[in-house]
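Shown next: model_15.cif, given as mmCIF, C-alpha atoms and all ligand atoms.
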data_model
#
loop_
_atom_site.label_atom_id
_atom_site.label_comp_id
_atom_site.auth_asym_id
_atom_site.auth_seq_id
_atom_site.Cartn_x
_atom_site.Cartn_y
_atom_site.Cartn_z
CA MET D 1 21.22 -15.86 -6.79
CA GLY D 2 20.82 -16.41 -10.58
CA GLN D 3 19.74 -13.90 -13.17
CA PRO D 4 17.95 -10.74 -11.98
CA VAL D 5 14.23 -10.51 -12.60
CA ASN D 6 13.43 -8.17 -15.51
CA VAL D 7 10.90 -5.58 -14.41
CA GLY D 8 8.64 -3.73 -16.85
CA VAL D 9 6.99 -0.67 -15.32
CA VAL D 10 3.63 0.67 -16.50
CA GLY D 11 2.95 4.18 -15.14
CA CYS D 12 5.79 6.68 -14.65
CA GLY D 13 4.17 9.34 -12.45
CA ALA D 14 4.99 10.79 -9.03
CA ILE D 15 5.79 7.55 -7.22
CA SER D 16 7.86 5.90 -9.96
CA ALA D 17 11.17 7.60 -9.06
CA GLN D 18 11.19 5.94 -5.62
CA TYR D 19 10.76 2.51 -7.23
CA PHE D 20 13.45 3.16 -9.81
CA GLN D 21 15.95 4.10 -7.08
CA THR D 22 15.22 0.90 -5.16
CA ILE D 23 15.30 -1.36 -8.22
CA GLU D 24 18.62 0.17 -9.25
CA ARG D 25 20.30 -0.86 -5.98
CA LEU D 26 18.73 -4.32 -5.51
CA PRO D 27 20.71 -6.98 -7.41
CA ARG D 28 17.69 -9.28 -7.62
CA LEU D 29 15.81 -6.78 -9.82
CA ARG D 30 16.62 -5.14 -13.16
CA LEU D 31 14.69 -2.18 -14.58
CA ALA D 32 14.29 -3.40 -18.17
CA ALA D 33 11.54 -1.23 -19.69
CA VAL D 34 8.95 1.42 -18.87
CA ALA D 35 5.69 2.52 -20.44
CA ASP D 36 3.12 5.26 -19.86
CA LEU D 37 0.18 6.73 -21.75
CA ASP D 38 2.44 9.79 -21.83
CA LEU D 39 5.66 8.56 -23.49
CA ASP D 40 7.48 11.83 -22.81
CA ARG D 41 6.82 11.37 -19.10
CA ALA D 42 8.21 7.83 -19.31
CA ARG D 43 11.33 9.02 -21.15
CA GLU D 44 11.91 11.77 -18.62
CA ALA D 45 11.40 9.42 -15.67
CA VAL D 46 14.16 7.01 -16.75
CA ARG D 47 16.57 9.64 -18.03
CA PRO D 48 18.97 8.99 -15.07
CA TYR D 49 19.12 5.25 -15.84
CA ALA D 50 21.07 3.61 -18.66
CA GLY D 51 19.73 0.77 -20.79
CA VAL D 52 16.02 1.09 -19.99
CA ASP D 53 13.67 0.73 -22.98
CA VAL D 54 10.76 3.17 -23.29
CA LEU D 55 7.88 1.30 -24.91
CA GLY D 56 4.17 1.59 -25.61
CA VAL D 57 2.02 -0.22 -23.04
CA ALA D 58 1.02 -3.06 -25.42
CA GLU D 59 4.61 -3.43 -26.58
CA LEU D 60 5.90 -3.72 -23.00
CA LEU D 61 3.26 -6.26 -22.02
CA ALA D 62 4.07 -8.38 -25.09
CA ASP D 63 7.85 -8.19 -24.59
CA PRO D 64 9.15 -11.71 -23.82
CA ARG D 65 12.12 -10.28 -21.88
CA ILE D 66 9.83 -8.87 -19.16
CA ASP D 67 9.35 -11.25 -16.20
CA VAL D 68 7.13 -9.09 -13.99
CA VAL D 69 4.98 -6.05 -14.66
CA LEU D 70 5.17 -3.35 -11.99
CA ASN D 71 1.85 -1.51 -12.20
CA LEU D 72 2.26 2.10 -11.04
CA THR D 73 -0.77 3.52 -12.81
CA ILE D 74 -3.61 5.32 -11.04
CA PRO D 75 -6.07 3.12 -9.06
CA ALA D 76 -8.77 3.27 -11.76
CA ALA D 77 -6.32 1.65 -14.22
CA HIS D 78 -4.84 -0.96 -11.83
CA ALA D 79 -7.20 -3.81 -12.78
CA GLU D 80 -7.09 -3.16 -16.52
CA ILE D 81 -3.27 -3.16 -16.64
CA ALA D 82 -3.04 -6.16 -14.27
CA LEU D 83 -5.50 -8.17 -16.40
CA ARG D 84 -3.60 -7.32 -19.59
CA ALA D 85 -0.30 -8.34 -17.96
CA ILE D 86 -1.81 -11.62 -16.75
CA ASP D 87 -3.25 -12.20 -20.20
CA ALA D 88 0.31 -11.85 -21.54
CA GLY D 89 1.41 -14.55 -19.07
CA LYS D 90 3.29 -12.25 -16.72
CA ASP D 91 3.46 -11.94 -12.95
CA VAL D 92 2.18 -8.56 -11.83
CA TYR D 93 2.98 -6.42 -8.77
CA CYS D 94 0.64 -3.50 -8.29
CA GLU D 95 0.64 -0.25 -6.35
CA LYS D 96 -2.16 -0.07 -3.80
CA PRO D 97 -5.07 -0.48 -3.79
CA LEU D 98 -5.10 -3.78 -5.72
CA ALA D 99 -8.02 -2.33 -7.74
CA ALA D 100 -10.44 0.57 -7.40
CA ALA D 101 -13.24 -1.91 -6.63
CA ARG D 102 -13.38 -5.35 -4.99
CA THR D 103 -15.11 -6.93 -8.00
CA ASP D 104 -12.23 -5.81 -10.26
CA ALA D 105 -9.67 -7.14 -7.78
CA GLU D 106 -11.50 -10.46 -7.72
CA ARG D 107 -11.28 -10.68 -11.52
CA VAL D 108 -7.52 -10.03 -11.29
CA LEU D 109 -6.95 -12.82 -8.75
CA LEU D 110 -9.14 -15.31 -10.63
CA ALA D 111 -7.41 -14.54 -13.94
CA ALA D 112 -3.97 -14.93 -12.31
CA ASP D 113 -4.96 -18.30 -10.82
CA ALA D 114 -6.25 -19.49 -14.19
CA ALA D 115 -3.09 -18.32 -15.97
CA GLY D 116 -0.73 -19.73 -13.33
CA VAL D 117 0.90 -16.35 -12.65
CA ARG D 118 1.28 -14.50 -9.37
CA VAL D 119 -0.07 -11.21 -8.04
CA GLY D 120 1.71 -9.00 -5.55
CA CYS D 121 0.66 -5.63 -4.18
CA ALA D 122 1.93 -2.65 -2.20
CA PRO D 123 2.26 -1.56 0.52
CA ASP D 124 5.68 -3.01 1.25
CA THR D 125 6.42 -0.42 3.93
CA VAL D 126 5.08 -2.92 6.48
CA LEU D 127 8.02 -5.22 5.62
CA GLY D 128 10.42 -2.61 7.06
CA THR D 129 11.74 -2.55 10.60
CA GLY D 130 8.87 -0.42 12.00
CA THR D 131 5.87 -2.72 11.61
CA GLN D 132 8.03 -5.88 11.70
CA THR D 133 9.69 -5.01 15.04
CA ALA D 134 6.23 -4.32 16.50
CA ARG D 135 4.94 -7.61 15.13
CA LYS D 136 7.87 -9.49 16.69
CA ALA D 137 7.19 -7.78 20.04
CA ILE D 138 3.57 -9.01 19.88
CA ASP D 139 4.59 -12.52 18.74
CA ASP D 140 7.22 -12.68 21.53
CA GLY D 141 4.48 -11.89 24.08
CA LEU D 142 5.80 -8.49 25.21
CA ILE D 143 2.25 -7.06 25.54
CA GLY D 144 0.44 -10.29 26.40
CA ARG D 145 -2.75 -11.14 24.54
CA PRO D 146 -3.57 -8.24 22.14
CA VAL D 147 -7.04 -6.84 22.76
CA ALA D 148 -7.24 -3.56 20.84
CA ALA D 149 -5.55 -1.13 18.46
CA THR D 150 -6.07 2.41 17.21
CA ALA D 151 -5.00 3.73 13.80
CA THR D 152 -5.18 7.42 12.92
CA MET D 153 -4.32 9.23 9.69
CA MET D 154 -5.27 12.90 9.51
CA THR D 155 -4.20 15.31 6.76
CA PRO D 156 -5.82 18.24 4.94
CA GLY D 157 -5.57 16.27 1.63
CA HIS D 158 -2.94 15.50 -1.03
CA GLU D 159 -4.15 18.27 -3.40
CA ARG D 160 -1.81 20.59 -1.46
CA TRP D 161 1.27 18.95 -3.06
CA HIS D 162 0.24 16.51 -5.82
CA PRO D 163 0.06 18.26 -9.23
CA ASN D 164 -2.67 15.88 -10.54
CA PRO D 165 -4.68 14.93 -7.43
CA ASP D 166 -7.94 14.09 -9.24
CA PHE D 167 -7.60 10.34 -8.52
CA TYR D 168 -7.63 10.95 -4.77
CA TYR D 169 -11.24 12.21 -4.97
CA VAL D 170 -12.87 9.55 -7.17
CA PRO D 171 -13.74 5.91 -6.35
CA GLY D 172 -10.47 4.09 -5.66
CA GLY D 173 -9.23 7.20 -3.81
CA GLY D 174 -10.31 9.06 -0.68
CA PRO D 175 -8.38 8.76 2.58
CA LEU D 176 -9.54 5.18 3.12
CA LEU D 177 -8.57 3.62 -0.21
CA ASP D 178 -5.48 5.81 -0.54
CA MET D 179 -3.97 5.60 2.96
CA GLY D 180 -6.04 2.77 4.48
CA PRO D 181 -3.92 0.10 2.76
CA TYR D 182 -0.90 1.12 4.88
CA TYR D 183 -2.78 1.14 8.17
CA ILE D 184 -5.01 -1.86 7.56
CA THR D 185 -2.19 -3.98 6.11
CA SER D 186 -0.19 -3.14 9.22
CA LEU D 187 -3.15 -4.03 11.49
CA VAL D 188 -3.63 -7.39 9.71
CA THR D 189 0.12 -8.03 9.97
CA LEU D 190 0.01 -7.25 13.70
CA LEU D 191 -3.36 -8.74 14.72
CA GLY D 192 -4.45 -11.05 11.92
CA PRO D 193 -7.43 -11.03 9.54
CA VAL D 194 -10.68 -9.16 10.12
CA ALA D 195 -14.08 -10.82 10.53
CA THR D 196 -16.54 -7.87 10.74
CA VAL D 197 -16.49 -4.07 10.33
CA VAL D 198 -18.67 -1.18 11.45
CA GLY D 199 -18.15 2.20 9.79
CA ALA D 200 -19.24 5.85 9.71
CA ALA D 201 -18.10 8.42 7.13
CA SER D 202 -18.64 11.98 5.91
CA ARG D 203 -17.88 14.21 2.90
CA PRO D 204 -17.90 17.81 4.14
CA ARG D 205 -16.65 19.50 0.92
CA ALA D 206 -17.91 18.99 -2.65
CA LYS D 207 -14.76 20.50 -4.24
CA ARG D 208 -11.02 20.69 -3.59
CA THR D 209 -8.49 23.24 -4.90
CA ILE D 210 -5.19 22.10 -6.44
CA GLY D 211 -2.36 23.70 -4.47
CA SER D 212 0.70 23.23 -6.70
CA GLY D 213 1.95 22.71 -10.25
CA PRO D 214 0.58 23.94 -13.59
CA ARG D 215 -3.04 23.41 -12.48
CA GLN D 216 -2.68 25.36 -9.20
CA GLY D 217 -5.97 27.03 -8.25
CA GLU D 218 -8.13 24.64 -10.34
CA GLU D 219 -11.10 23.13 -8.50
CA ILE D 220 -11.74 19.39 -8.72
CA PRO D 221 -14.93 17.55 -7.72
CA VAL D 222 -15.10 15.24 -4.69
CA THR D 223 -17.11 12.05 -5.23
CA VAL D 224 -15.88 9.97 -2.27
CA ASP D 225 -16.06 10.16 1.54
CA THR D 226 -13.15 12.19 2.92
CA HIS D 227 -13.49 11.39 6.64
CA VAL D 228 -13.88 7.67 7.37
CA THR D 229 -14.02 6.03 10.78
CA GLY D 230 -14.75 2.51 11.86
CA VAL D 231 -14.10 -0.52 14.00
CA LEU D 232 -12.45 -3.66 12.65
CA VAL D 233 -13.33 -6.81 14.59
CA HIS D 234 -10.37 -9.15 14.06
CA ALA D 235 -10.99 -12.89 13.88
CA SER D 236 -8.90 -13.13 17.08
CA GLY D 237 -11.46 -10.93 18.88
CA ALA D 238 -9.15 -7.88 19.04
CA LEU D 239 -10.83 -4.58 18.07
CA SER D 240 -9.08 -1.94 15.94
CA THR D 241 -10.50 1.60 15.81
CA LEU D 242 -9.68 3.46 12.59
CA VAL D 243 -9.77 7.17 11.61
CA MET D 244 -8.71 8.02 8.02
CA SER D 245 -9.25 11.65 7.08
CA PHE D 246 -8.47 14.29 4.46
CA ASP D 247 -10.53 16.76 6.52
CA GLY D 248 -8.32 17.54 9.51
CA VAL D 249 -5.33 19.83 9.79
CA ALA D 250 -3.04 17.84 12.06
CA THR D 251 -3.01 15.25 14.83
CA LYS D 252 -0.78 14.27 17.74
CA SER D 253 -2.32 10.80 17.94
CA PRO D 254 0.15 8.00 17.22
CA HIS D 255 -0.26 6.43 13.78
CA ILE D 256 -0.96 3.07 15.41
CA GLU D 257 -1.14 1.86 19.01
CA VAL D 258 -1.66 -1.77 20.00
CA HIS D 259 -2.86 -2.67 23.49
CA GLY D 260 -2.42 -6.06 25.09
CA GLU D 261 -3.38 -7.44 28.49
CA SER D 262 0.09 -6.70 29.89
CA GLY D 263 1.46 -3.88 27.76
CA SER D 264 0.95 -1.28 25.04
CA LEU D 265 2.94 -0.56 21.89
CA VAL D 266 3.32 2.54 19.75
CA VAL D 267 3.83 1.42 16.15
CA PRO D 268 5.49 3.87 13.73
CA ASN D 269 3.96 5.32 10.57
CA PRO D 270 3.01 2.36 8.33
CA ASN D 271 3.62 4.58 5.29
CA HIS D 272 7.31 4.52 6.30
CA PHE D 273 9.64 1.53 6.48
CA ASP D 274 11.23 2.37 9.83
CA GLY D 275 10.66 4.40 12.99
CA ASP D 276 10.67 3.86 16.75
CA VAL D 277 8.53 1.16 18.30
CA LEU D 278 7.72 2.12 21.91
CA LEU D 279 6.68 -0.28 24.65
CA SER D 280 4.99 0.45 27.96
CA ALA D 281 4.67 -2.79 29.89
CA ALA D 282 2.38 -3.07 32.93
CA GLY D 283 4.19 -1.39 35.84
CA ASP D 284 6.52 0.70 33.65
CA ALA D 285 6.69 4.40 34.51
CA ASP D 286 7.24 5.45 30.91
CA TRP D 287 7.54 4.29 27.28
CA ARG D 288 10.81 2.74 26.12
CA PRO D 289 12.01 2.26 22.54
CA LEU D 290 12.59 -1.32 21.39
CA PRO D 291 15.69 -2.10 19.32
CA GLU D 292 15.07 -2.97 15.66
CA SER D 293 14.59 -6.74 15.79
CA ALA D 294 12.86 -7.67 12.52
CA GLY D 295 12.24 -6.40 8.99
CA TYR D 296 14.22 -5.13 6.03
CA LEU D 297 16.86 -2.55 7.00
CA GLY D 298 17.37 0.45 4.73
CA ALA D 299 14.33 -0.46 2.65
CA GLY D 300 12.60 1.66 0.01
CA ARG D 301 9.51 1.26 -2.17
CA GLY D 302 10.12 -1.81 -4.32
CA VAL D 303 11.54 -4.04 -1.57
CA GLY D 304 8.19 -5.88 -1.60
CA LEU D 305 8.70 -6.57 -5.31
CA ALA D 306 12.16 -8.05 -4.58
CA ASP D 307 10.60 -10.11 -1.76
CA PHE D 308 7.85 -11.21 -4.21
CA ALA D 309 10.48 -12.20 -6.81
CA ALA D 310 12.36 -14.23 -4.19
CA THR D 311 9.27 -16.07 -2.88
CA PRO D 312 9.32 -19.72 -3.93
CA ALA D 313 6.48 -21.00 -6.12
CA GLY D 314 3.64 -22.35 -3.99
CA THR D 315 4.23 -19.85 -1.15
CA GLU D 316 2.04 -16.76 -0.87
CA PRO D 317 4.29 -13.68 -1.14
CA ARG D 318 4.32 -11.41 1.92
CA ALA D 319 3.08 -8.48 -0.17
CA GLY D 320 0.66 -10.86 -1.88
CA GLY D 321 -2.66 -10.65 -3.68
CA ALA D 322 -4.67 -12.47 -0.99
CA LEU D 323 -3.67 -9.94 1.68
CA ALA D 324 -4.28 -6.99 -0.66
CA PHE D 325 -7.71 -8.37 -1.56
CA HIS D 326 -8.63 -8.83 2.11
CA VAL D 327 -7.57 -5.24 2.83
CA LEU D 328 -9.65 -3.94 -0.11
CA ASP D 329 -12.59 -6.05 1.07
CA ILE D 330 -12.29 -4.50 4.57
CA MET D 331 -12.20 -0.98 3.11
CA GLU D 332 -15.18 -1.45 0.79
CA SER D 333 -17.13 -3.10 3.58
CA LEU D 334 -16.35 -0.18 5.93
CA LEU D 335 -17.79 2.25 3.38
CA ALA D 336 -20.80 0.01 2.83
CA SER D 337 -21.34 -0.12 6.59
CA ALA D 338 -21.01 3.67 6.84
CA HIS D 339 -23.80 4.07 4.27
CA SER D 340 -26.11 1.35 5.58
CA GLY D 341 -25.51 1.92 9.28
CA ALA D 342 -25.15 -1.82 9.85
CA GLY D 343 -22.12 -3.97 10.60
CA VAL D 344 -20.76 -5.90 7.60
CA PRO D 345 -19.23 -9.39 7.83
CA ILE D 346 -15.98 -9.77 5.86
CA THR D 347 -16.22 -12.79 3.59
CA SER D 348 -12.57 -12.89 2.52
CA THR D 349 -9.67 -13.81 4.74
CA CYS D 350 -5.93 -14.37 4.51
CA GLU D 351 -3.04 -15.75 6.51
CA ARG D 352 -0.94 -13.29 8.48
CA PRO D 353 1.98 -12.73 6.10
CA LEU D 354 5.22 -14.50 7.06
CA PRO D 355 7.38 -12.36 9.38
CA VAL D 356 10.55 -10.78 7.97
CA PRO D 357 13.70 -11.69 9.92
CA LEU D 358 16.04 -8.72 10.48
CA GLN D 359 18.14 -8.38 7.30
CA ASP D 360 19.46 -5.85 4.83
CA ALA D 361 17.05 -4.94 2.03
N1 LIG Z 401 2.33 9.79 -5.19
C1 LIG Z 401 2.63 9.13 -4.08
O1 LIG Z 401 3.24 9.67 -3.14
C2 LIG Z 401 2.24 7.69 -3.91
C3 LIG Z 401 2.75 7.02 -2.80
C4 LIG Z 401 2.48 5.67 -2.66
C5 LIG Z 401 1.68 5.03 -3.57
N2 LIG Z 401 1.15 5.70 -4.63
C6 LIG Z 401 0.31 4.96 -5.56
O2 LIG Z 401 1.00 4.84 -6.79
C7 LIG Z 401 0.06 4.87 -7.87
C8 LIG Z 401 0.45 5.98 -8.81
O3 LIG Z 401 0.43 7.20 -8.10
P1 LIG Z 401 1.18 8.49 -8.66
O4 LIG Z 401 1.12 9.49 -7.58
O5 LIG Z 401 2.51 8.08 -9.22
O6 LIG Z 401 0.17 8.89 -9.83
P2 LIG Z 401 0.45 9.85 -11.08
O7 LIG Z 401 -0.87 10.32 -11.56
O8 LIG Z 401 1.51 10.83 -10.72
O9 LIG Z 401 1.09 8.83 -12.15
C9 LIG Z 401 0.35 7.78 -12.75
C10 LIG Z 401 0.94 7.54 -14.13
O10 LIG Z 401 0.23 6.43 -14.72
C11 LIG Z 401 -0.04 6.73 -16.06
N3 LIG Z 401 -1.20 5.97 -16.48
C12 LIG Z 401 -2.47 6.10 -16.04
N4 LIG Z 401 -3.28 5.20 -16.64
C13 LIG Z 401 -2.47 4.48 -17.46
C14 LIG Z 401 -2.72 3.40 -18.36
N5 LIG Z 401 -3.93 2.89 -18.52
N6 LIG Z 401 -1.66 2.92 -19.06
C15 LIG Z 401 -0.42 3.44 -18.90
N7 LIG Z 401 -0.13 4.47 -18.07
C16 LIG Z 401 -1.16 4.98 -17.36
C17 LIG Z 401 -0.27 8.24 -16.09
O11 LIG Z 401 -0.08 8.76 -17.39
C18 LIG Z 401 0.75 8.72 -15.08
O12 LIG Z 401 2.00 9.04 -15.67
C19 LIG Z 401 -1.32 5.03 -7.24
O13 LIG Z 401 -1.92 3.78 -7.09
C20 LIG Z 401 -1.02 5.62 -5.87
O14 LIG Z 401 -2.00 5.24 -4.92
C21 LIG Z 401 1.44 7.03 -4.83
#
Using the file provided, produce a representation of the structure as structure tokens.
Amino acid sequence: MGQPVNVGVVGCGAISAQYFQTIERLPRLRLAAVADLDLDRAREAVRPYAGVDVLGVAELLADPRIDVVLNLTIPAAHAEIALRAIDAGKDVYCEKPLAAARTDAERVLLAADAAGVRVGCAPDTVLGTGTQTARKAIDDGLIGRPVAATATMMTPGHERWHPNPDFYYVPGGGPLLDMGPYYITSLVTLLGPVATVVGAASRPRAKRTIGSGPRQGEEIPVTVDTHVTGVLVHASGALSTLVMSFDGVATKSPHIEVHGESGSLVVPNPNHFDGDVLLSAAGDADWRPLPESAGYLGAGRGVGLADFAATPAGTEPRAGGALAFHVLDIMESLLASAHSGAGVPITSTCERPLPVPLQDA
């Protein structure tokens, strides 16, 4: 397998612990150094791990030992950190969304091309057994020709539990840019790229109240749409209907359903790696679970980075920049459509990412 890839992490907030746990157990990756604007937070985050350097951001980016920069900053900082990493000649793998705005993401991909480095991006949850088993069922023809899908995400908002939820309510956040990457990446994995979108959105509350941590009770402003709906017209002709909301209390709708001419599938939560895939084929009296047949088993956040590190030069990584850009393009276009009232053609496209054969993470 050769030497492990040295990972330098920028951003040691809420999600970083999950990455550190995964990196620690994957032999292909080595957690070499971390950085954050808040150095105490960085020190605290890697306290359980031996031999990890805590550096300033510029120092980490300039460190010749670092092979890939894992960008776990807030969405508004994704492009800046990615561009600085690329400028330092490093591959970069970013948390979602690829950038807070499509124009910034475009600059990242162009800079990476010019520098001859690679860009990867979360979510990697869709490389787990949930979405991958559903994809294999579709590819094996278990539902016939896919014609439609629904995707529903409904929560009251992350300010209930996140101690610093400000970024969820500014551009780059909102239910669509925050949770849409999971659902839309799964839909593109299942049904292929999207050609046109039609959207509608609303913003019922101007303020949100932080529900936990030292800032509990503080009100924060809302400057993005918090209930976003739309239709994605896939290039194949299949239609996906999307509801992404921070304005509901709960839902019993499946996270994703895919309907084909001869069967329907329930696809598990694309924010999780696993979960039951259910099939109801024409003539069946009920749903039946499908055995896990594809995807990384026992995966955690960071498995997409290991997959990225293992992807040969010249092959687009599964959790790659082109897919992440297409997903961001779809999301921005949905919001543009919601505000203009007109359908918006999607100018970007991507290949369906390569399927993941069933294997241990
Ligand atoms: N929290 C979750 O459950 C979760 C889940 C999946 C994905 N994500 C994604 O992970 C990313 C980070 O989310 P989080 O919840 O960990 O946020 P967070 O606010 O808890 O942590 C972000 C960290 O990045 C640091 N940071 C910000 N700008 C920086 C800069 N320019 N240079 C260096 N450090 C900088 C902050 O100081 C902070 O420590 C986001 O893109 C989010 O969408 C979060």
message: Set the distance at 8 Å and use all atoms listed in the file: which residues neighbour Ala100 in chain D once local chain neighbours fewer than 3 positions away are removed? I'd like the list as an MDAnalysis selection string.
response: chainID D and resid 75:76 78:79 97 104:105 171:173
task: Select all residues near (-11.5, -13.2, -8.0) (cut-off 12 Å, inclusive, file coordinates), counting only C-alpha atoms, and output them as a list in words.
output: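 Using only C-alpha atoms, the matching residues come out as Ala79, Leu83, Leu98, Ala99, Ala101, Arg102, Thr103, Asp104, Ala105, Glu106, Arg107, Val108, Leu109, Leu110, Ala111, Ala112, Asp113, Ala114, Val119, Gly321, Ala322, Phe325, His326, Asp329 and Ser348 of chain D.
Remark: for Gly217 in chain D, the closest of the candidate residues D:Pro163, D:Pro193, D:Ser240, D:Arg288 is D:Pro163 (distances computed over all atoms listed in the file).
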Quick one: contact table of chain D to ligand LIG 401 (chain Z), 9 Å max, nearest atom pair and distance in Å to one decimal per residue, counting only C-alpha atoms and all ligand atoms, chain and number order, as a Markdown table?
| residue | atom | partner | partner_atom | distance |
| --- | --- | --- | --- | --- |
| D:Val10 | CA | Z:LIG401 | C15 | 5.5 |
| D:Gly11 | CA | Z:LIG401 | O10 | 3.6 |
| D:Cys12 | CA | Z:LIG401 | O12 | 4.6 |
| D:Gly13 | CA | Z:LIG401 | O9 | 3.1 |
| D:Ala14 | CA | Z:LIG401 | O5 | 3.7 |
| D:Ile15 | CA | Z:LIG401 | O5 | 3.9 |
| D:Ser16 | CA | Z:LIG401 | O5 | 5.8 |
| D:Ala17 | CA | Z:LIG401 | O5 | 8.7 |
| D:Gln18 | CA | Z:LIG401 | C3 | 9.0 |
| D:Ala35 | CA | Z:LIG401 | C15 | 6.4 |
| D:Asp36 | CA | Z:LIG401 | N7 | 3.8 |
| D:Leu37 | CA | Z:LIG401 | N7 | 4.3 |
| D:Asp38 | CA | Z:LIG401 | O11 | 5.2 |
| D:Leu39 | CA | Z:LIG401 | O11 | 8.4 |
| D:Arg41 | CA | Z:LIG401 | O12 | 6.4 |
| D:Ala42 | CA | Z:LIG401 | O12 | 7.3 |
| D:Gly56 | CA | Z:LIG401 | C15 | 8.3 |
| D:Val57 | CA | Z:LIG401 | C15 | 6.0 |
| D:Asn71 | CA | Z:LIG401 | C7 | 7.9 |
| D:Leu72 | CA | Z:LIG401 | C7 | 4.7 |
| D:Thr73 | CA | Z:LIG401 | O10 | 3.6 |
| D:Ile74 | CA | Z:LIG401 | C19 | 4.4 |
| D:Pro75 | CA | Z:LIG401 | O13 | 4.6 |
| D:Ala76 | CA | Z:LIG401 | N4 | 7.6 |
| D:Ala77 | CA | Z:LIG401 | N5 | 5.1 |
| D:His78 | CA | Z:LIG401 | O13 | 7.3 |
| D:Glu80 | CA | Z:LIG401 | N5 | 7.1 |
| D:Ile81 | CA | Z:LIG401 | N5 | 6.4 |
| D:Cys94 | CA | Z:LIG401 | O13 | 7.8 |
| D:Glu95 | CA | Z:LIG401 | O13 | 4.8 |
| D:Lys96 | CA | Z:LIG401 | O13 | 5.1 |
| D:Pro97 | CA | Z:LIG401 | O13 | 6.2 |
| D:Leu98 | CA | Z:LIG401 | O13 | 8.3 |
| D:Ala99 | CA | Z:LIG401 | O13 | 8.7 |
| D:Ala122 | CA | Z:LIG401 | C5 | 7.8 |
| D:Pro123 | CA | Z:LIG401 | C5 | 7.8 |
| D:His158 | CA | Z:LIG401 | O1 | 8.8 |
| D:His162 | CA | Z:LIG401 | N1 | 7.1 |
| D:Pro163 | CA | Z:LIG401 | O8 | 7.7 |
| D:Asn164 | CA | Z:LIG401 | O7 | 5.9 |
| D:Pro165 | CA | Z:LIG401 | O7 | 7.3 |
| D:Asp166 | CA | Z:LIG401 | O7 | 8.3 |
| D:Phe167 | CA | Z:LIG401 | O7 | 7.4 |
| D:Tyr168 | CA | Z:LIG401 | O14 | 8.0 |
| D:Gly172 | CA | Z:LIG401 | O14 | 8.6 |
| D:Gly173 | CA | Z:LIG401 | O14 | 7.6 |
| D:Leu177 | CA | Z:LIG401 | O14 | 8.2 |
| D:Asp178 | CA | Z:LIG401 | O14 | 5.6 |
| D:Met179 | CA | Z:LIG401 | O14 | 8.1 |
| D:Asn271 | CA | Z:LIG401 | C4 | 8.1 |
| D:Arg301 | CA | Z:LIG401 | C4 | 8.3 |
How would the residues just chosen look if you wrote them out with C-alpha atoms as a short mmCIF file (atom, residue, chain, number, x, y, z; two decimals), keeping the file's coordinate frame?
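File part_19.cif, as written:
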data_model
loop_
_atom_site.label_atom_id
_atom_site.label_comp_id
_atom_site.auth_asym_id
_atom_site.auth_seq_id
_atom_site.Cartn_x
_atom_site.Cartn_y
_atom_site.Cartn_z
CA VAL D 10 3.63 0.67 -16.50
CA GLY D 11 2.95 4.18 -15.14
CA CYS D 12 5.79 6.68 -14.65
CA GLY D 13 4.17 9.34 -12.45
CA ALA D 14 4.99 10.79 -9.03
CA ILE D 15 5.79 7.55 -7.22
CA SER D 16 7.86 5.90 -9.96
CA ALA D 17 11.17 7.60 -9.06
CA GLN D 18 11.19 5.94 -5.62
CA ALA D 35 5.69 2.52 -20.44
CA ASP D 36 3.12 5.26 -19.86
CA LEU D 37 0.18 6.73 -21.75
CA ASP D 38 2.44 9.79 -21.83
CA LEU D 39 5.66 8.56 -23.49
CA ARG D 41 6.82 11.37 -19.10
CA ALA D 42 8.21 7.83 -19.31
CA GLY D 56 4.17 1.59 -25.61
CA VAL D 57 2.02 -0.22 -23.04
CA ASN D 71 1.85 -1.51 -12.20
CA LEU D 72 2.26 2.10 -11.04
CA THR D 73 -0.77 3.52 -12.81
CA ILE D 74 -3.61 5.32 -11.04
CA PRO D 75 -6.07 3.12 -9.06
CA ALA D 76 -8.77 3.27 -11.76
CA ALA D 77 -6.32 1.65 -14.22
CA HIS D 78 -4.84 -0.96 -11.83
CA GLU D 80 -7.09 -3.16 -16.52
CA ILE D 81 -3.27 -3.16 -16.64
CA CYS D 94 0.64 -3.50 -8.29
CA GLU D 95 0.64 -0.25 -6.35
CA LYS D 96 -2.16 -0.07 -3.80
CA PRO D 97 -5.07 -0.48 -3.79
CA LEU D 98 -5.10 -3.78 -5.72
CA ALA D 99 -8.02 -2.33 -7.74
CA ALA D 122 1.93 -2.65 -2.20
CA PRO D 123 2.26 -1.56 0.52
CA HIS D 158 -2.94 15.50 -1.03
CA HIS D 162 0.24 16.51 -5.82
CA PRO D 163 0.06 18.26 -9.23
CA ASN D 164 -2.67 15.88 -10.54
CA PRO D 165 -4.68 14.93 -7.43
CA ASP D 166 -7.94 14.09 -9.24
CA PHE D 167 -7.60 10.34 -8.52
CA TYR D 168 -7.63 10.95 -4.77
CA GLY D 172 -10.47 4.09 -5.66
CA GLY D 173 -9.23 7.20 -3.81
CA LEU D 177 -8.57 3.62 -0.21
CA ASP D 178 -5.48 5.81 -0.54
CA MET D 179 -3.97 5.60 2.96
CA ASN D 271 3.62 4.58 5.29
CA ARG D 301 9.51 1.26 -2.17
#
With the cut-off set at 10 Å and counting all atoms listed in the file, tabulate each residue of range 138-229 of chain D with an atom at most that distance from an atom of range 278-284 of chain D, showing the nearest atom pair and its distance in Å to one decimal, ordered by chain and increasing number, as CSV.
residue,atom,partner,partner_atom,distance
D:Leu142,CA,D:Ala281,CA,7.5
D:Ile143,CA,D:Ala281,CA,6.6
D:Gly144,CA,D:Ala281,CA,9.3
